[in-house]
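The block underneath contains the structure these notes are about, expressed in structure tokens.
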Number of protein chains: 2
Amino acid sequence: MTANATTSRPYHHGDLRRALVTAATELARSGGSEGVGLREAARRVGVSPSAAYRHFPSRDGLLALVGSEAREALAARMQAATAEIRGSSGKAARARFRATGRAYIEFALEEPGLFEVAFRPCPPSLYVPDDPSPYEELSAALDALERAGLLAIPRLGAEAPAWVAVHGAAVLLGDGLLPRDSRDPIIEATLDMVADGLLRSRTRA
Amino acid sequence: MTANATTSRPYHHGDLRRALVTAATELARSGGSEGVGLREAARRVGVSPSAAYRHFPSRDGLLALVGSEAREALAARMQAATAEIRGSSGKAARARFRATGRAYIEFALEEPGLFEVAFRPCPPSLYVPDDPSPYEELSAALDALERAGLLAIPRLGAEAPAWVAVHGAAVLLGDGLLPRDSRDPIIEATLDMVADGLLRSRTRA
DNA sequence: CACCTGATGTGAACGATGTCAACATCCGAC
DNA sequence: GTCGGATGTTGACATCGTTCACATCAGGTG
């Protein structure tokens with residue numbers, strides 16, 4: 001057996017890497033990137049600080065992994081939001097598109113720490129790709145709109161404006177620069193703007 | 001005289017507060033908020049670290065002042081961009097609106113460190129209001145559009161979507177999450193989207 | 001003019017952090 | 001069974017933000 005079920009604390013911690021990343025993710029959840037300390041993560045796992053250096057080149061390396069996990073969580077949330085909407089009509093595609101954006105913003109507001117770490121700039125040498133990526137969720141939603149013939153602009157130029165608007169709302173609401181009590185109207189106004197700018201036949205609420 | 005013109009290094013530095021803020025601003029310009037160190041700023045001014053605490057409650061207090069200066073610089077740039085456009089037609093108002101947004105994004109790309117500090121979340125107790133504020137520049141541009149009868153949505157709900165889109169583009173381009181070589185097309189696509197969503201009679205390029 | 005009070009700057013220290021090098025321990029392959 | 005590489009520990013270093021006791025200056029009061 002590689003691991004004892006009775007948690008007898010093997011002299012070589014079962015899977016330190018995993019444990020450190022989870023601890024660091026917890027720190028990020030309640031303190032953002034500044035809240036993630038190498039020493040603190042090690043402390044929580046019950047291991048010495050330098051042990052971490054067997055698994056990550058630096059604190060930033062650890063943060064990069066936390067970021068990847070955060071992006072995956074965000075993508076999962078977007079995915080779940082679109083899955084709730086049934087049907088294959090153009091109307092459904094449009095609704096899924098909006099739901100994707102809404103989920104993005106809501107994630108940012110409910111998990112501000114994780115969201116910050118998710119999109120924290122990081123040197124290319126440390127970049128960790130994530131498989132279910134938020135960008136791919138957005139791409140999929142746009143592909144569906146194109147298949148339904150609803151795109152009013154070339155497909156290639158569609159990702160950027162959509163992402164830009166939704167990300168901006170997430171950041172400004174999350175940082176309290178836009179009033180959080182107007183949260184929902186602002187989100188819907190943003191989604192309206194995206195729809196008006198990218199899709200055919202504007203549908204004003 | 002309160003200060004000697006010969007810079008004879010009076011035992012009580014002429015205006016330490018100002019000097020520290022400028023030093024810290026320089027640090028922020030080339031390193032963002034993480035690059036701003038209380039000790040380093042003091043070192044550059046030639047003063048002991050603890051002297052700073054006579055003028056700011058903490059490093060975050062210093063950062064808040066740097067943020068205010070950064071926002072003023074951004075606002076000045078937006079102001080200058082609109083001032084370049086003459087005329088009082090609706091067309092001019094529209095152009096000024098776009099120029100405001102473009103200036104916002106360009107500032108973020110040319111001074112990424114300052115831009116980050118400008119919109120860094122900070123506890124209300126430390127918040128420093130700035131007089132020429134980016135928000136007010138945006139407001140003025142929208143007011144002009146309303147006077148020209150060009151707004152397609154209620155004036156009250158106009159700030160948020162516009163700011164959101166432009167800020168999102170600034171952040172995503174600045175952090176390299178959107179390709180910088182497509183910088184200009186992305187900026188224009190973003191401005192197109194804002195115009196389509198907020199203004200009457202879409203004018204597609 | 002002398003003095004004292006308050007504002008301003010200094011020095012040394014504390015705890016915390018990221019990082020590294022030398023050493024200890026354990027697993028698995030030969 | 002033994003040896004080697006992977007994994008974890010100890011102890012140290014430099015740096016950081018912050019604080020406290022002390023030094024120094026400026027300006028108003030007597």
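Residues are named by chain letter and number: chains run A, B, ... in the order of the structure tokens, numbers start at 1 in each chain, and ligands are numbered from 1 in the order shown.
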
Find the residues around DA16 in chain C up to 10 Å (only C-alpha atoms (C1' of nucleotides) counted), leave out those fewer than 2 positions away in its own chain, and share them as a short mmCIF file (atom, residue, chain, number, x, y, z; two decimals) with C-alpha atoms (C1' of nucleotides), in the first residue's frame.
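Final output, saved to part.cif:
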data_model
loop_
_atom_site.label_atom_id
_atom_site.label_comp_id
_atom_site.auth_asym_id
_atom_site.auth_seq_id
_atom_site.Cartn_x
_atom_site.Cartn_y
_atom_site.Cartn_z
CA ARG A 39 5.10 29.33 5.09
"C1'" DC C 14 10.47 42.50 16.85
"C1'" DC D 16 10.01 43.74 4.85
"C1'" DG D 17 6.34 46.41 7.70
#

Open item on the list: Pairing the C-alpha atoms in order and superposing chain B on chain A, what is the resulting RMSD?
Closed with: 0.1 Å

Task: Nearby residues (only C-alpha atoms (C1' of nucleotides)) at most 12 Å from DG11 in chain D, same-chain spacing under 3 positions excluded, as number ranges by chain - done: A: 48, 50; C: 20-23

TODO: For chain B, work out the contacting residues on chain C at 10 Å, counting only C-alpha atoms (C1' of nucleotides), and write them as a PyMOL selection string.
DONE: chain C and resi 7-11

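Going from CA of Gly168 in chain A over to CA of Trp163 in chain B, you cover 7.8 Å.
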
TODO: Find the residues of chain D in contact range of chain B, meaning any atom within 10 Å when counting only C-alpha atoms (C1' of nucleotides), and list them as a ChimeraX atom specification.
DONE: /D:15-19,24-26

Which residues of chain B are close to chain A, meaning at most 8 Å apart when you count only C-alpha atoms, and how do they look as a compact mmCIF listing (two decimals) with N, CA and C atoms, in the first residue's frame?
# COMPACT_ATOMS: atom_id res chain seq x y z
N ARG B 120 -6.63 49.89 -7.29
CA ARG B 120 -6.41 48.87 -6.30
C ARG B 120 -7.44 49.04 -5.18
N PRO B 121 -8.12 47.97 -4.81
CA PRO B 121 -9.10 48.11 -3.73
C PRO B 121 -8.39 48.54 -2.46
N GLY B 157 -28.27 54.79 -16.41
CA GLY B 157 -27.66 53.47 -16.53
C GLY B 157 -26.52 53.42 -17.52
N ALA B 160 -22.13 52.71 -16.13
CA ALA B 160 -21.63 51.38 -15.81
C ALA B 160 -21.20 50.57 -17.03
N PRO B 161 -22.06 50.35 -18.02
CA PRO B 161 -21.63 49.54 -19.16
C PRO B 161 -20.43 50.13 -19.86
N TRP B 163 -18.01 52.10 -18.67
CA TRP B 163 -16.80 51.93 -17.87
C TRP B 163 -16.35 50.47 -17.88
N VAL B 164 -17.33 49.60 -17.70
CA VAL B 164 -17.08 48.17 -17.65
C VAL B 164 -16.31 47.68 -18.88
N ALA B 165 -16.77 48.08 -20.05
CA ALA B 165 -16.15 47.59 -21.28
C ALA B 165 -14.72 48.12 -21.40
N VAL B 166 -14.57 49.40 -21.18
CA VAL B 166 -13.26 50.01 -21.35
C VAL B 166 -12.28 49.48 -20.30
N HIS B 167 -12.74 49.34 -19.08
CA HIS B 167 -11.88 48.83 -18.02
C HIS B 167 -11.49 47.39 -18.30
N GLY B 168 -12.42 46.61 -18.76
CA GLY B 168 -12.11 45.22 -19.08
C GLY B 168 -11.04 45.12 -20.14
N ALA B 169 -11.17 45.91 -21.18
CA ALA B 169 -10.16 45.89 -22.24
C ALA B 169 -8.81 46.31 -21.68
N VAL B 171 -7.63 46.02 -18.64
CA VAL B 171 -7.07 44.99 -17.78
C VAL B 171 -6.60 43.78 -18.58
N LEU B 172 -7.45 43.30 -19.46
CA LEU B 172 -7.11 42.06 -20.17
C LEU B 172 -5.96 42.28 -21.14
N ASP B 175 -2.70 42.84 -18.95
CA ASP B 175 -2.15 41.65 -18.31
C ASP B 175 -1.77 40.58 -19.32
N GLY B 176 -1.91 40.90 -20.62
CA GLY B 176 -1.50 39.95 -21.63
C GLY B 176 -2.44 38.78 -21.80
N LEU B 178 -5.31 39.07 -23.36
CA LEU B 178 -5.69 39.22 -24.76
C LEU B 178 -4.42 39.61 -25.51
N ILE B 186 -8.78 45.20 -31.17
CA ILE B 186 -9.57 44.88 -29.98
C ILE B 186 -10.13 46.15 -29.36
N ALA B 189 -12.96 47.36 -31.55
CA ALA B 189 -14.13 46.48 -31.43
C ALA B 189 -14.86 46.74 -30.12
N THR B 190 -14.08 46.99 -29.08
CA THR B 190 -14.70 47.28 -27.79
C THR B 190 -15.49 48.59 -27.86
N ASP B 192 -16.70 49.96 -30.51
CA ASP B 192 -17.87 49.72 -31.35
C ASP B 192 -19.01 49.13 -30.53
N MET B 193 -18.64 48.16 -29.71
CA MET B 193 -19.66 47.50 -28.92
C MET B 193 -20.33 48.49 -27.97
N VAL B 194 -19.55 49.33 -27.34
CA VAL B 194 -20.12 50.32 -26.43
C VAL B 194 -21.05 51.25 -27.20
N ALA B 195 -20.59 51.70 -28.36
CA ALA B 195 -21.40 52.63 -29.15
C ALA B 195 -22.71 51.96 -29.58
N ASP B 196 -22.62 50.74 -30.06
CA ASP B 196 -23.82 50.04 -30.49
C ASP B 196 -24.79 49.83 -29.33
N GLY B 197 -24.25 49.60 -28.17
CA GLY B 197 -25.10 49.30 -27.04
C GLY B 197 -25.72 50.53 -26.40
N LEU B 198 -25.05 51.66 -26.51
CA LEU B 198 -25.50 52.84 -25.77
C LEU B 198 -26.06 53.97 -26.63

- [ ] Check the smallest atom-to-atom distance from each of B:Pro112, B:Gly67, B:Pro124, B:Pro134 to Ala24 in chain B using only C-alpha atoms, then report the winner.
- [x] B:Gly67

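Straight-line separation from CA of Glu110 in chain B to CA of Glu72 in chain B: 15.3 Å.
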
- [ ] Grab the CA of Leu199 in chain A to CA of Leu150 in chain A distance for me, in Å with one decimal place.
- [x] 5.6 Å
